Every structure is written in structure tokens, then in C-alpha cells.
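*Asks:* File protein_8.txt below, compact mmCIF, C-alpha atoms and all ligand atoms:
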```txt
# COMPACT_ATOMS: atom_id res chain seq x y z
CA MET A 1 -9.57 10.72 14.09
CA ALA A 2 -8.22 7.40 15.31
CA LYS A 3 -4.91 6.22 14.03
CA VAL A 4 -5.21 2.61 12.92
CA ILE A 5 -1.88 0.88 12.53
CA THR A 6 -1.72 -2.56 11.00
CA LEU A 7 1.39 -4.69 10.78
CA SER A 8 2.09 -7.09 7.99
CA GLY A 9 4.99 -9.05 6.56
CA LYS A 10 6.58 -12.45 6.14
CA GLY A 11 6.21 -15.01 8.91
CA GLY A 12 8.53 -14.70 11.88
CA VAL A 13 10.03 -11.29 11.07
CA GLY A 14 8.91 -9.66 14.33
CA LYS A 15 5.40 -8.32 13.67
CA THR A 16 4.06 -9.38 17.05
CA SER A 17 7.09 -8.12 18.97
CA ILE A 18 6.90 -4.78 17.20
CA SER A 19 3.12 -4.56 17.74
CA ALA A 20 3.78 -4.99 21.47
CA MET A 21 6.49 -2.35 21.37
CA ILE A 22 4.00 0.04 19.74
CA ILE A 23 1.60 -0.47 22.66
CA ARG A 24 4.51 0.04 25.04
CA GLU A 25 5.24 3.41 23.42
CA LEU A 26 1.63 4.58 23.11
CA ARG A 27 0.88 3.75 26.71
CA ARG A 28 3.23 6.48 27.86
CA ASP A 29 0.35 8.90 27.35
CA PRO A 30 -2.37 7.72 29.74
CA SER A 31 -4.95 10.04 28.19
CA LYS A 32 -4.99 8.03 24.97
CA ARG A 33 -7.46 5.22 24.44
CA ILE A 34 -5.73 2.26 22.86
CA LEU A 35 -7.10 -0.94 21.36
CA ALA A 36 -4.77 -3.82 20.59
CA ILE A 37 -6.16 -6.41 18.19
CA ASP A 38 -4.62 -9.81 17.66
CA GLY A 39 -5.58 -10.50 14.08
CA ASP A 40 -3.53 -13.68 13.94
CA PRO A 41 -5.59 -16.81 14.63
CA ALA A 42 -2.46 -18.31 16.21
CA VAL A 43 -2.85 -15.74 19.05
CA GLY A 44 0.63 -14.58 20.05
CA PHE A 45 0.03 -10.90 20.69
CA SER A 46 -1.59 -11.63 24.05
CA THR A 47 1.58 -13.31 25.34
CA ALA A 48 3.72 -10.43 24.13
CA LEU A 49 1.40 -8.07 26.03
CA GLY A 50 0.98 -10.26 29.10
CA VAL A 51 -2.78 -10.44 28.57
CA GLU A 52 -4.89 -13.43 29.38
CA VAL A 53 -7.36 -14.08 26.57
CA LYS A 54 -10.69 -14.87 28.15
CA ARG A 55 -12.85 -14.93 25.06
CA THR A 56 -11.87 -14.50 21.46
CA LEU A 57 -13.94 -12.62 18.94
CA ASP A 58 -14.85 -15.93 17.31
CA GLN A 59 -16.11 -17.35 20.62
CA ILE A 60 -18.28 -14.28 21.17
CA ARG A 61 -19.58 -14.61 17.63
CA MET A 62 -20.38 -18.29 18.08
CA ASP A 63 -22.16 -17.61 21.38
CA VAL A 64 -24.54 -15.30 19.64
CA VAL A 65 -24.99 -17.56 16.63
CA ASN A 66 -25.75 -20.47 18.96
CA SER A 67 -28.14 -18.50 21.11
CA GLY A 68 -30.62 -19.02 18.29
CA LYS A 69 -31.51 -15.44 17.58
CA SER A 70 -32.62 -14.82 14.07
CA GLY A 71 -32.53 -11.72 11.96
CA GLU A 72 -29.36 -9.99 10.84
CA LYS A 73 -29.96 -6.73 12.67
CA GLU A 74 -30.81 -8.20 16.00
CA THR A 75 -27.79 -10.46 15.87
CA LYS A 76 -25.44 -7.65 15.01
CA ALA A 77 -26.82 -5.37 17.73
CA GLU A 78 -26.47 -8.09 20.28
CA LEU A 79 -22.98 -8.87 19.14
CA LEU A 80 -21.99 -5.27 19.56
CA ALA A 81 -23.52 -5.11 23.01
CA ARG A 82 -21.58 -8.20 24.01
CA LEU A 83 -18.44 -6.87 22.50
CA ASP A 84 -18.85 -3.60 24.37
CA PHE A 85 -19.20 -5.62 27.51
CA GLU A 86 -16.07 -7.65 26.79
CA LEU A 87 -14.12 -4.54 25.95
CA ALA A 88 -15.32 -2.74 29.03
CA GLY A 89 -14.07 -5.72 31.02
CA ALA A 90 -10.73 -5.62 29.26
CA LEU A 91 -10.35 -1.90 29.89
CA ALA A 92 -11.42 -2.20 33.49
CA GLU A 93 -8.29 -4.17 34.22
CA ASP A 94 -6.46 -0.92 34.18
CA ARG A 95 -3.54 -1.90 32.04
CA GLY A 96 -4.02 1.10 29.84
CA PHE A 97 -5.37 -0.59 26.72
CA ALA A 98 -8.19 -2.79 25.52
CA PHE A 99 -7.38 -6.11 23.88
CA LEU A 100 -9.23 -8.26 21.41
CA ALA A 101 -8.14 -11.54 19.81
CA ILE A 102 -9.95 -12.81 16.74
CA GLY A 103 -9.27 -16.44 17.54
CA ARG A 104 -9.68 -19.46 15.37
CA PRO A 105 -12.90 -20.85 13.96
CA GLU A 106 -13.75 -24.06 15.75
CA GLY A 107 -13.63 -27.35 13.86
CA LYS A 108 -13.19 -27.10 10.15
CA GLY A 109 -14.63 -23.59 10.03
CA CYS A 110 -13.72 -21.26 7.27
CA TYR A 111 -11.82 -18.09 8.01
CA CYS A 112 -13.95 -15.99 5.68
CA LYS A 113 -16.67 -15.47 8.25
CA ILE A 114 -14.40 -14.49 11.08
CA ASN A 115 -12.41 -12.22 8.78
CA GLU A 116 -15.61 -10.57 7.60
CA PHE A 117 -16.73 -10.20 11.20
CA LEU A 118 -13.38 -8.78 12.22
CA LYS A 119 -13.65 -6.25 9.44
CA GLN A 120 -17.08 -5.10 10.65
CA MET A 121 -15.95 -4.95 14.26
CA ILE A 122 -12.88 -2.91 13.43
CA ALA A 123 -15.08 -0.40 11.62
CA GLU A 124 -17.48 -0.20 14.59
CA LEU A 125 -14.82 0.01 17.27
CA VAL A 126 -12.30 2.38 15.75
CA PRO A 127 -14.17 5.61 16.56
CA ASN A 128 -13.98 4.81 20.29
CA PHE A 129 -10.20 4.87 20.36
CA ASP A 130 -7.27 7.16 19.66
CA TYR A 131 -5.06 4.31 18.50
CA VAL A 132 -5.87 0.86 17.18
CA VAL A 133 -2.95 -1.52 16.65
CA ILE A 134 -3.60 -4.66 14.63
CA ASP A 135 -1.05 -7.46 14.71
CA GLY A 136 -1.89 -9.16 11.43
CA GLU A 137 -1.27 -12.73 10.40
CA ALA A 138 1.70 -13.41 8.14
CA GLY A 139 1.28 -13.00 4.40
CA ILE A 140 -1.32 -11.37 2.21
CA GLU A 141 -4.53 -13.22 3.06
CA GLN A 142 -6.10 -10.64 5.39
CA ILE A 143 -5.00 -7.74 3.24
CA ASN A 144 -6.45 -9.50 0.22
CA ARG A 145 -9.74 -10.08 1.99
CA ARG A 146 -9.85 -6.39 2.85
CA VAL A 147 -10.04 -7.12 6.56
CA MET A 148 -7.96 -4.03 7.26
CA GLU A 149 -9.56 -1.90 4.64
CA LYS A 150 -9.54 1.39 6.47
CA VAL A 151 -6.27 1.61 8.30
CA THR A 152 -4.32 4.84 8.45
CA HIS A 153 -0.84 3.35 8.81
CA LEU A 154 0.40 0.20 7.10
CA LEU A 155 3.59 -0.91 8.79
CA LEU A 156 5.44 -3.55 6.81
CA VAL A 157 8.06 -5.51 8.67
CA SER A 158 10.93 -7.49 7.17
CA ASP A 159 14.21 -9.05 8.12
CA ALA A 160 17.20 -8.40 5.87
CA SER A 161 16.39 -11.35 3.59
CA LYS A 162 15.42 -10.92 -0.02
CA LYS A 163 12.42 -13.13 0.67
CA GLY A 164 11.22 -10.89 3.49
CA ILE A 165 11.52 -7.80 1.31
CA GLN A 166 9.76 -9.58 -1.54
CA VAL A 167 6.82 -10.49 0.71
CA ALA A 168 6.61 -6.85 1.87
CA LYS A 169 6.57 -5.69 -1.75
CA THR A 170 3.85 -8.18 -2.64
CA ILE A 171 1.73 -7.07 0.32
CA HIS A 172 2.28 -3.45 -0.66
CA GLY A 173 1.16 -4.21 -4.21
CA VAL A 174 -2.00 -5.97 -3.03
CA ALA A 175 -2.70 -3.25 -0.45
CA GLN A 176 -2.50 -0.52 -3.06
CA GLY A 177 -5.40 -2.11 -4.87
CA CYS A 178 -7.68 -2.71 -1.92
CA MET A 179 -6.74 -0.58 1.06
CA ALA A 180 -7.19 3.09 1.83
CA TYR A 181 -4.18 3.74 4.02
CA GLU A 182 -2.59 7.14 4.47
CA LYS A 183 0.95 6.11 5.17
CA VAL A 184 3.08 3.06 4.48
CA GLY A 185 6.61 2.21 5.49
CA LEU A 186 8.98 -0.68 5.88
CA LEU A 187 10.74 -1.37 9.13
CA PHE A 188 13.69 -3.74 9.04
CA ASN A 189 14.09 -5.90 12.10
CA ARG A 190 16.79 -8.10 13.61
CA LEU A 191 19.68 -6.58 11.70
CA ARG A 192 23.25 -7.27 12.73
CA SER A 193 24.38 -4.00 11.16
CA ALA A 194 23.17 -1.34 8.74
CA ALA A 195 25.31 -3.07 6.10
CA ASP A 196 22.71 -5.88 6.02
CA ILE A 197 20.35 -3.63 4.06
CA GLU A 198 22.91 -1.65 2.12
CA HIS A 199 21.69 -3.10 -1.17
CA ALA A 200 18.10 -3.72 -0.19
CA ASP A 201 15.66 -2.79 -2.92
CA THR A 202 12.29 -2.00 -1.38
CA GLY A 203 10.93 -0.47 -4.59
CA PRO A 204 8.34 2.21 -3.88
CA ILE A 205 8.12 1.46 -0.15
CA PRO A 206 9.82 4.06 2.06
CA ILE A 207 12.24 2.63 4.60
CA LEU A 208 11.41 3.79 8.12
CA GLY A 209 14.58 2.51 9.70
CA TYR A 210 15.90 -0.64 11.25
CA LEU A 211 16.02 -2.36 14.60
CA PRO A 212 19.02 -4.38 15.70
CA GLU A 213 19.00 -7.99 16.79
CA SER A 214 18.47 -7.72 20.52
CA GLU A 215 19.56 -10.29 23.06
CA LYS A 216 17.21 -8.75 25.60
CA LEU A 217 14.18 -9.04 23.33
CA ARG A 218 15.07 -12.63 22.54
CA ASN A 219 15.28 -13.51 26.21
CA TYR A 220 11.91 -11.91 26.95
CA ASP A 221 10.44 -14.11 24.25
CA ILE A 222 12.15 -17.24 25.54
CA ARG A 223 10.72 -16.63 28.99
CA GLY A 224 7.34 -15.59 27.61
CA ASP A 225 7.55 -12.28 29.46
CA SER A 226 5.42 -9.32 28.43
CA LEU A 227 7.33 -6.94 26.19
CA LEU A 228 5.56 -4.09 27.96
CA GLY A 229 8.08 -4.65 30.72
CA LEU A 230 11.07 -4.00 28.46
CA PRO A 231 13.34 -1.30 29.88
CA ASP A 232 14.49 1.66 27.80
CA ILE A 233 17.35 0.09 25.90
CA ASP A 234 18.93 0.65 22.50
CA VAL A 235 16.24 -1.19 20.55
CA THR A 236 13.23 0.34 22.34
CA ARG A 237 14.64 3.88 22.18
CA LYS A 238 15.37 3.54 18.51
CA PHE A 239 11.92 2.15 17.92
CA GLY A 240 10.27 5.01 19.83
CA LEU A 241 11.89 7.54 17.50
CA ILE A 242 10.94 5.61 14.36
CA LEU A 243 7.35 5.23 15.54
CA ARG A 244 6.88 8.89 16.41
CA GLU A 245 8.19 9.89 13.01
CA PHE A 246 5.91 7.39 11.26
CA LEU A 247 2.82 8.44 13.21
CA GLY A 248 3.66 12.10 13.00
CA SER A 249 3.30 12.53 16.74
N1 LIG B 1 14.90 -7.26 17.22
C1 LIG B 1 14.85 -8.53 17.65
N2 LIG B 1 15.91 -9.09 18.26
C2 LIG B 1 15.90 -10.36 18.67
N3 LIG B 1 14.87 -11.19 18.54
C3 LIG B 1 13.76 -10.70 17.92
C4 LIG B 1 13.69 -9.36 17.47
N4 LIG B 1 12.46 -9.17 16.92
C5 LIG B 1 11.82 -10.33 17.04
N5 LIG B 1 12.58 -11.27 17.63
C6 LIG B 1 12.26 -12.68 17.89
O1 LIG B 1 11.91 -13.28 16.64
C7 LIG B 1 10.90 -14.25 16.85
C8 LIG B 1 9.73 -13.94 15.94
O2 LIG B 1 9.17 -12.72 16.36
P1 LIG B 1 7.61 -12.43 16.29
O3 LIG B 1 6.85 -13.54 16.90
O4 LIG B 1 7.42 -11.07 16.80
O5 LIG B 1 7.42 -12.47 14.70
P2 LIG B 1 6.07 -12.52 13.85
O6 LIG B 1 6.38 -11.81 12.59
O7 LIG B 1 4.95 -12.01 14.67
O8 LIG B 1 5.88 -14.07 13.59
P3 LIG B 1 4.56 -14.81 13.00
O9 LIG B 1 4.57 -14.53 11.54
O10 LIG B 1 4.82 -16.23 13.34
O11 LIG B 1 3.39 -14.22 13.71
C9 LIG B 1 10.56 -14.22 18.33
O12 LIG B 1 11.25 -15.26 18.96
C10 LIG B 1 11.05 -12.85 18.76
O13 LIG B 1 11.42 -12.81 20.12
MG MG B 2 3.05 -12.85 15.08
```
Output the structure of this file as C-alpha cells.
Ligand SMILES: Nc1ncnc2c1ncn2[C@@H]1O[C@H](COP(=O)(O)OP(=O)(O)OP(=O)(O)O)[C@@H](O)[C@H]1O
Ligand SMILES: [Mg+2]

*Replies:*
Amino acid sequence: MAKVITLSGKGGVGKTSISAMIIRELRRDPSKRILAIDGDPAVGFSTALGVEVKRTLDQIRMDVVNSGKSGEKETKAELLARLDFELAGALAEDRGFAFLAIGRPEGKGCYCKINEFLKQMIAELVPNFDYVVIDGEAGIEQINRRVMEKVTHLLLVSDASKKGIQVAKTIHGVAQGCMAYEKVGLLFNRLRSAADIEHADTGPIPILGYLPESEKLRNYDIRGDSLLGLPDIDVTRKFGLILREFLGS
């Protein structure tokens, strides 16, 4: 059974960086098939992974819609064939994982359609992989729309702020009503010391641990370097342990 990990939390707390660090850890085992999904229309996961986005899921969808085919079934089958093709291309690049970005609806498009499409695609694609990592957009919208309905691991990320914890709690509350996850946990990020979260009240959400503020990570981001190239340092080692515990691997 594939492990599907989705990340969620307040804006700017480190979801994308941590998603990339998950791929960095999982890639250590070359026998595992990994799919990284950028669920954020702002598309930042690709940069963190050093991947060039050739076509987003929305562009593929629009191609098929515009090709004038009619009939639900035919369209869906063709979409899947195209998607397989795109994924095969992504995997062929031999970087050890497939990558998919949902992209942004063109013009004034509504996000409902692309979110619905993403949901269907996730369901179709998951069985082909051992791990699927979804870097979600900030806030509760995608959780609320049940885009990530069938994940196995819900990883909430927060900084030490009360606001960040509150957003995580809200997401957790919404997720409980509409998601079938197996495991949930909160990872604190960018802490100066453990004292930052001494009085943190995360309610029913188990705390997985915390990652320190890292100068190295910051510099990678400033330069736009892929986080896959991070060396084994304090923050990555600590994260590796937390992740293995969370995934039970
Ligand atoms: N542990 C850390 N130490 C230092 N800088 C960090 C750390 N984690 C994340 N950052 C930096 O914080 C900023 C925000 O991180 P990131 O883009 O991963 O957050 P996000 O939650 O994905 O944001 P958004 O909600 O906008 O998608 C980036 O500049 C990143 O380099
Ligand atoms: Mg992000």
C-alpha cells in the first residue's frame, strides 16, 4: 500500500522546504517509486526540488478539453494516457522520483475544477507508487474540498507562533470531518530553541518534534538551489529521524 503524505499549515511555515526534505530522505532507497505533487498553484515545490516544470496538470487538462473530444469517459481515458506519458517522461529523467504540478487555471478560471481533477488523478496514480508526497497550498481550502481525501499521513507544519498552531488546529478539525488519514502529527519548524514551544498547546494533535532555524536552509532558498543537494547537517539528520518515526519505516 502506498504511503500518501500531505503537508498542510499556515502560509510560509516551511511546508515546501519540508516536502523537499521528505523526497531527499525517501530517495535514499532507490527501489522505492516516489511521486512528488505540487498542490500549490503558486508552484514552489519544483524549485525546491530543482525540477523544471514542463507542463502542469491544468495545462494537460486544458489540452484535452480544447482538443474537442466529447464524452466523459473518452476524455478521462485520454487524460490518463497523457498523464502516464508525462509521468513516464518525468521518471525517465532519472532523478529518482516523478513530479507533477497542478498549476493555475488560466484566466479567471475557478479552482474547483482543477482541485476536482487533482483529486481524481491522485486516486488514479497512487497505486503506482510506494510514496506520494503532496505539498499542499496554505490554509484549509484543499482539505475542505476533499482534494486529499485518501492520504495516509497528514503532516501539519507550524512555526512557534500561536497563529501557526491555531491554523494547524483548524486544519486538523476540518480534516477529521472529511479525510480518512491514518496518522497525523505536527512538526514545528524554524525554532530558535525548544523553549519556543514549551507552552505550545496543540490540543489533540501529537507533536512529532521540531526543526531548528537553519542558516544553511535559508541560504539554499536565497540562491534557489535544490534542497535535494543539502548535505547531512543538524536539521536534515533530525528531520530524517522524525520522518522515519512518523512513517513507521
Ligand atoms: N528550518 C528552517 N530554517 C531556515 N529557514 C527556513 C526553514 N524552513 C523554511 N525556511 C525558509 O522559510 C521560507 C518559507 O518556507 P517554505 O516556502 O518552505 O514555506 P511554505 O509553508 O511552503 O510557504 P507557502 O505557504 O508560501 O507555500 C523560505 O524562505 C525557507 O527557505
Ligand atoms: Mg509552499

*Asks:* Would you work out the distance separating atom CA of Phe239 of chain A from atom CA of Ala90 of chain A, expressed in Å to one decimal?

*Replies:*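 These atoms are spaced 26.5 Å apart.
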
*Asks:* Would you name the residues within 7 Å of ligand LIG 1 (chain B), counting all atoms listed in the file, and put them as a compact mmCIF listing (two decimals) with C-alpha atoms, in the coordinates of the input?

*Replies:*
```txt
# COMPACT_ATOMS: atom_id res chain seq x y z
CA GLY A 9 4.99 -9.05 6.56
CA LYS A 10 6.58 -12.45 6.14
CA GLY A 11 6.21 -15.01 8.91
CA GLY A 12 8.53 -14.70 11.88
CA VAL A 13 10.03 -11.29 11.07
CA GLY A 14 8.91 -9.66 14.33
CA LYS A 15 5.40 -8.32 13.67
CA THR A 16 4.06 -9.38 17.05
CA SER A 17 7.09 -8.12 18.97
CA ILE A 18 6.90 -4.78 17.20
CA ASP A 40 -3.53 -13.68 13.94
CA GLY A 44 0.63 -14.58 20.05
CA GLU A 137 -1.27 -12.73 10.40
CA ALA A 138 1.70 -13.41 8.14
CA ASN A 189 14.09 -5.90 12.10
CA ARG A 190 16.79 -8.10 13.61
CA LEU A 211 16.02 -2.36 14.60
CA PRO A 212 19.02 -4.38 15.70
CA GLU A 213 19.00 -7.99 16.79
CA SER A 214 18.47 -7.72 20.52
CA GLU A 215 19.56 -10.29 23.06
CA LEU A 217 14.18 -9.04 23.33
CA ARG A 218 15.07 -12.63 22.54
CA TYR A 220 11.91 -11.91 26.95
CA ASP A 221 10.44 -14.11 24.25
CA ILE A 222 12.15 -17.24 25.54
```

*Asks:* Segment 200-205 of chain A, all listed atoms, 6 Å padding on each side: what axis-aligned box centre and edge lengths in Å to one decimal come out, as AutoDock Vina command-line options?

*Replies:*
```
--center_x 13.1 --center_y -0.8 --center_z -2.4 --size_x 22.0 --size_y 17.9 --size_z 16.4
```

*Asks:* Set the distance at 8 Å and use only C-alpha atoms: which residues neighbour Ala160 of chain A once local chain neighbours fewer than 2 positions away are removed? I'd like the list as a list in words.

*Replies:* Ser158, Lys162, Gly164, Ile165, Phe188, Asn189, Arg190, Leu191, Asp196, Ile197 and Ala200 of chain A

*Asks:* Counting all atoms listed in the file, figure out which residue out of A:Asp63, A:Asp135, A:Glu124, A:Asp58 gets nearest to ligand MG 2 (chain B).

*Replies:*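 Smallest distance to ligand MG 2 (chain B) is found for A:Asp135.
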
*Asks:* Of the candidates A:Gly173, A:Gly136, A:Pro231, A:Gly103, which shows the shortest atom-to-atom distance to ligand MG 2 (chain B), using all atoms listed in the file?

*Replies:*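 Among the listed residues, the smallest separation from ligand MG 2 (chain B) belongs to A:Gly136.
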
*Asks:* Could you check how far atom CA of Leu187 of chain A sits from atom CA of Ser46 of chain A, in Å to one decimal?

*Replies:*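 Atom-to-atom, atom CA of Leu187 of chain A to atom CA of Ser46 of chain A, that is 21.9 Å.
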
*Asks:* Please identify all polymer residues within 10 Å of Tyr181 of chain A, counting all atoms listed in the file, omitting same-chain residues fewer than 3 positions from it, and present them as a list in words.

*Replies:*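 Listed by chain and then number, they are Val4, Ile5, Thr6, Met148, Glu149, Lys150, Val151, Thr152, His153, Leu154, Ala175, Gln176, Cys178 and Val184 of chain A.
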
*Asks:* Neighbours of Leu83 of chain A within 10 Å (only C-alpha atoms; same-chain residues fewer than 6 positions away dropped), as a ChimeraX atom specification?

*Replies:* /A:57,60-61,77,89,100,121,125

*Asks:* Could you please determine the separation between atom CA of Phe45 of chain A and atom CA of Ala98 of chain A in Å, to one decimal place?

*Replies:*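 Between atom CA of Phe45 of chain A and atom CA of Ala98 of chain A the gap is 12.5 Å.
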
*Asks:* Taking all atoms listed in the file into account, name the residue in A:Ala42, A:Ser193, A:Tyr131, A:Ile233 that is nearest to ligand MG 2 (chain B).

*Replies:*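 Checking each of A:Ala42, A:Ser193, A:Tyr131, A:Ile233 against ligand MG 2 (chain B), counting all atoms listed in the file, the winner is A:Ala42.
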
*Asks:* Of the residues A:Phe129, A:Leu87, A:Gly209, A:Ala123, which is the one nearest to Ser31 of chain A, using all atoms listed in the file?

*Replies:* A:Phe129

*Asks:* Between A:Val51, A:Lys32, A:Ile134, A:Asn115, single out the one closest to ligand MG 2 (chain B), counting all atoms listed in the file.

*Replies:*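 Closest to ligand MG 2 (chain B), using all atoms listed in the file: A:Ile134.
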
*Asks:* Closest to ligand MG 2 (chain B) among A:Val157, A:Leu26, A:Ile143, A:Leu118, using only C-alpha atoms and all ligand atoms?

*Replies:*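 Result for the nearest residue to ligand MG 2 (chain B): A:Val157.
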
*Asks:* With all atoms listed in the file as the counted atoms, please give the residues lying no more than 10 Å from Thr202 of chain A, apart from itself and same-chain residues fewer than 2 positions off, as a ChimeraX atom specification.

*Replies:* /A:162,165-166,168-169,185-186,197,199-200,204-207
